[in-house]
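Contents: one structure, followed by commentary.
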Amino acid sequence: MGVVTKFEDLDLNKQYTYSDYLLFRFQERVELIKGRILKMSPAPSRNHQTISQNINKYFLNFFNSQSCSVYTAPFDVRLPIKSTKEETTVVQPDLSIICDQNKLDDKGCNGAPDLIVEILSPSNSKHDIDTKFNLYQESGVLEYWMVEPAEKMVLIYILRDGIYIGLKPFSEGQIISSPLFPDLKLEVEKVFENIK
């Protein structure tokens, strides 16, 4: 396969690998889900970006004194999917925490991050709630946060014996507590600060 300069030139019925993905040179952002191309939504809303920045500010401060790295989208994460033989899954989580520095290379993260945050929006909620939930679980992401702007709540799932276990939802007036990083505590109001 040669360089692809237009999204329209892709065959959406074909299976692609990470090697193919590296040859995409078009403007549209895509994810590769078990070999299938998924076109991402247009640029996130202002609220989405504000929530991401709110969490990122806290994460950068918290993880500054640790050996973990914080990355925001767009940032390629190549997930190890046991049911596929080749690298066929590349996602761009809203926020990723990677503590094993050996997983990082010039192209992004090669392996499961320790913690991933996805901010739901009407155009992507099914993808994050269903598809990505299953991918993150299968690939071994230890903790997965789903942020629900409309309800101003945060759902946290922790991986136990290969299965995600959901915690009680965190809503306004509560403090988010990470099972993976016990000292990481964040007021729900801070997540949704400046959101109307």
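Lettering and numbering for the structure tokens are positional, with chains as A, B, ... in the shown order, residues counted from 1 in each chain, and ligands counted from 1 in the shown order.
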Residues near stretch 115-118 of chain A, cut-off 8 Å, only C-alpha atoms, skip fewer than 5 positions along chain, as a ChimeraX atom specification: /A:93-98,128,141-147
For A:Leu184: contacts at 12 Å, only C-alpha atoms, fewer than 5 positions along chain excluded, given as a PyMOL selection string: chain A and resi 55+58-63+66+115+175-179
Would you save the residues of that selection, restricted to N, CA, C and O atoms, as a tab-separated table (two decimals), in the first residue's frame?
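part_11.tsv was written with the following content:
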```tsv
chain	number	residue	atom	x	y	z
A	55	ILE	N	-9.16	18.57	33.65
A	55	ILE	CA	-8.59	17.31	34.16
A	55	ILE	C	-7.08	17.29	33.91
A	55	ILE	O	-6.29	16.90	34.78
A	58	TYR	N	-4.96	19.19	36.42
A	58	TYR	CA	-4.81	18.45	37.67
A	58	TYR	C	-3.84	17.28	37.49
A	58	TYR	O	-2.95	17.06	38.32
A	59	PHE	N	-4.00	16.53	36.40
A	59	PHE	CA	-3.12	15.38	36.15
A	59	PHE	C	-1.66	15.82	36.03
A	59	PHE	O	-0.77	15.17	36.57
A	60	LEU	N	-1.41	16.89	35.28
A	60	LEU	CA	-0.03	17.35	35.10
A	60	LEU	C	0.61	17.69	36.44
A	60	LEU	O	1.76	17.35	36.71
A	61	ASN	N	-0.15	18.35	37.30
A	61	ASN	CA	0.35	18.69	38.63
A	61	ASN	C	0.57	17.43	39.47
A	61	ASN	O	1.62	17.28	40.10
A	62	PHE	N	-0.39	16.53	39.46
A	62	PHE	CA	-0.31	15.32	40.29
A	62	PHE	C	0.83	14.40	39.84
A	62	PHE	O	1.60	13.90	40.65
A	63	PHE	N	0.94	14.17	38.54
A	63	PHE	CA	1.93	13.20	38.04
A	63	PHE	C	3.31	13.81	37.82
A	63	PHE	O	4.25	13.10	37.47
A	66	GLN	N	5.97	12.07	39.71
A	66	GLN	CA	6.01	10.62	39.53
A	66	GLN	C	6.63	10.30	38.17
A	66	GLN	O	6.86	11.17	37.36
A	115	LEU	N	-4.06	4.49	32.75
A	115	LEU	CA	-5.35	5.14	32.95
A	115	LEU	C	-5.71	5.91	31.67
A	115	LEU	O	-4.85	6.56	31.08
A	175	ILE	N	-15.89	13.83	45.69
A	175	ILE	CA	-14.47	13.86	45.31
A	175	ILE	C	-14.14	12.56	44.60
A	175	ILE	O	-14.36	11.47	45.13
A	176	ILE	N	-13.62	12.70	43.38
A	176	ILE	CA	-13.20	11.53	42.59
A	176	ILE	C	-11.95	10.96	43.24
A	176	ILE	O	-11.01	11.69	43.56
A	177	SER	N	-11.96	9.66	43.43
A	177	SER	CA	-10.81	8.98	44.01
A	177	SER	C	-10.41	7.83	43.08
A	177	SER	O	-11.25	7.01	42.70
A	178	SER	N	-9.15	7.79	42.70
A	178	SER	CA	-8.66	6.77	41.79
A	178	SER	C	-8.21	5.54	42.56
A	178	SER	O	-7.34	5.65	43.43
A	179	PRO	N	-8.75	4.35	42.23
A	179	PRO	CA	-8.26	3.14	42.89
A	179	PRO	C	-6.80	2.83	42.54
A	179	PRO	O	-6.05	2.34	43.37
```
Residue neighbourhood A:Asp20, 12 Å, only C-alpha atoms, exclusion window fewer than 3 positions, as an NGL selection string: :A and (1-4 or 10 or 14-17 or 23-25 or 32 or 35-37 or 86-90)
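All residues of stretch 152-185 of chain A that DSSP, run on the backbone, classes as strand (DSSP E or B) are Met153, Val154, Leu155, Ile156, Tyr157, Ile158, Leu159, Arg160, Ile163, Tyr164, Ile165, Gly166, Phe170, Ser171, Ile175, Ile176, Ser177 and Lys185 of chain A.
Across the structure, atom CA of A:Gly108 and atom CA of A:Ile163 are spaced 25.5 Å apart.
With only C-alpha atoms as the basis for measurement, A:Cys109 is the residue among A:Ile51, A:Leu180, A:Ile165, A:Cys109 that approaches A:Val77 most closely.
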Spatial neighbours of A:Val91, max dist 9 Å, only C-alpha atoms, sep filter under 4 positions, as a ChimeraX atom specification: /A:30-33,75-79,132
